[in-house]
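A.B. asks: A single structure is presented below for examination.
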Amino acid sequence: RFAPYAYQRAILDDRSPRRLILKARQTGISNTLAIEALHAALTTPDQTILFVSRNQDVACELIHYCQHTLGGLQGPQPALTKENQSQLAWANGSRILSLAATASAGRGVAARRVYLDEFAFCLYDQLIYESIVPTLSQGGQLTVLSTPRGRANMFFRLWSGLEGGAWSRHEIHWQDCPRYTPEWAEAMRATMTRQAWAQEYDCDFVASGDAVFDAADLARCSNNYDPDPEGCERVKAMVDFYAARHYSSETTYDDLEARDPDDVLYFTAGLQPF
């Protein structure tokens with residue numbers, strides 16, 4: 001019997017057509033969505049449900065989640081007509097497909113439910129998103145879920161509202177999962193890099209990226225910030241545009257002899273979409 005945690009129940013109760021899920025690792029979200037997909041396939045005839053995952057191994061694992069749940073069900077249900085590592089199909093005309101992320105994944109599949117799993121880690125993320133959205137133009141539900149992986153990916157752009165329009169959002173931090181304790185977190189964090197912890201458990205887009213400088217160190221650059229350059233004999237301003245990662249940074253230095261030449265008067269770094 002599946003007894004969902006509060007955040008799992010919130011997702012299952014969410015009937016929004018577009019759902020975004022930012023999650024910590026190993027919080028049971030993939031299992032929850034596999035159960036949701038299986039229920040939809042068994043109770044709604046002629047429905048195609050599509051999972052797209054970052055690689056074939058993960059795609060097969062999602063089918064395994066469905067098979068495991070299916071094996072524990074009791075009572076009448078549609079007969080299983082096809083069963084392999086990428087597809088389950090039933091006599092009621094419904095099926096679950098689980099595909100690896102490719103440039104053409106999902107194209108031509110008329111799905112009523114689509115799950116883009118660990119989307120921040122998928123190759124061809126923008127191509128996949130662009131091919132999936134039209135299949136749902138006549139209705140259906142799209143769920144995009146992932147742990148963070150910096151800000152240079154489609155998942156971050158959707159979560160931050162830069163693209164994609166309105167979504168129902170769910171954020172599941174490690175602290176939301178009853179299986180994890182502060183003692184566990186302290187021990188686990190000591191074994192991981194800052195970047196890995198931010199990515200796997202802390203739902204942190206900034207620290208989970210591959211930035212050279214720590215965000216906390218950069219924040220300290222704004223100490224004693226004075227936005228008025230009046231009285232300065234000369235001000236140096238430097239701008240670095242880094243199109244590949246879709247952000248830019250600007251730093252302004254005061255050149256007054258009375259000040260330390262390395263005093264930072266102004267610093268800003270943020271996402272600047274091109």
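Residue numbering restarts at 1 for every chain of the structure tokens, chains are lettered A, B, ... in their displayed order, and ligands are numbered from 1 as they appear.
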Could you list, as a count of residues only, every residue within 12 Å of Glu130 in chain A, counting only C-alpha atoms and ignoring same-chain residues fewer than 3 positions away?
C.D. replies: 17
A.B. asks: Please provide as a ChimeraX atom specification all residues within 7 Å of Pro148 in chain A, with the sequence filter that same-chain residues fewer than 4 positions apart are discarded (counting only C-alpha atoms).
C.D. replies: /A:120,199,203-205,208
A.B. asks: Find the residue from A:Asn153, A:Gln47, A:Ser98, A:Asn92 that sits nearest to Ile63 in chain A; use only C-alpha atoms when measuring.
C.D. replies: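 When distances to Ile63 in chain A are compared using only C-alpha atoms, the smallest one comes from A:Ser98.
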A.B. asks: Can you list, as a PyMOL selection string, all residues belonging to range 28-193 of chain A that DSSP tags as helix (DSSP H, G or I)?
C.D. replies: chain A and resi 29-43+56-71+119-121+125-136+154-159+174-176+182-190
A.B. asks: Excluding His173 in chain A and residues on its chain fewer than 5 positions from it, collect all residues at most 8 Å away from it, counting only C-alpha atoms, and give them as a list of chain:residue names.
C.D. replies: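 Once the adjacent positions are removed, what remains is A:Lys23, A:Ala24, A:Tyr201, A:Asp202, A:Cys203.
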A.B. asks: Please report, as JSON, numbers by chain, each residue of range 47-160 of chain A to which DSSP assigns strand (DSSP E) when run on this structure's backbone.
C.D. replies: {"A": [48, 49, 50, 51, 52, 53, 80, 81, 82, 83, 87, 88, 89, 90, 95, 96, 97, 98, 99, 100, 113, 114, 115, 116, 141, 142, 143, 144, 145, 146]}
A.B. asks: Identify, on the basis of only C-alpha atoms, every residue whose closest approach to Arg169 in chain A does not exceed 9 Å; exclude the query and any residue fewer than 6 positions from it along the same chain; express the result as a PyMOL selection string.
C.D. replies: chain A and resi 18-22+159
A.B. asks: Could you write out the selected residues, including C-alpha atoms, as an mmCIF file, in the first residue's frame?
C.D. replies:
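Final file, out-v3.cif:
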```cif
data_model
loop_
_atom_site.group_PDB
_atom_site.id
_atom_site.type_symbol
_atom_site.label_atom_id
_atom_site.label_comp_id
_atom_site.auth_asym_id
_atom_site.auth_seq_id
_atom_site.Cartn_x
_atom_site.Cartn_y
_atom_site.Cartn_z
ATOM 1 C CA ARG A 18 1.583 22.261 -16.482
ATOM 2 C CA ARG A 19 3.558 21.266 -13.393
ATOM 3 C CA LEU A 20 7.165 22.048 -12.488
ATOM 4 C CA ILE A 21 8.907 20.055 -9.748
ATOM 5 C CA LEU A 22 12.253 21.149 -8.306
ATOM 6 C CA TRP A 159 11.526 27.469 -13.202
#
```
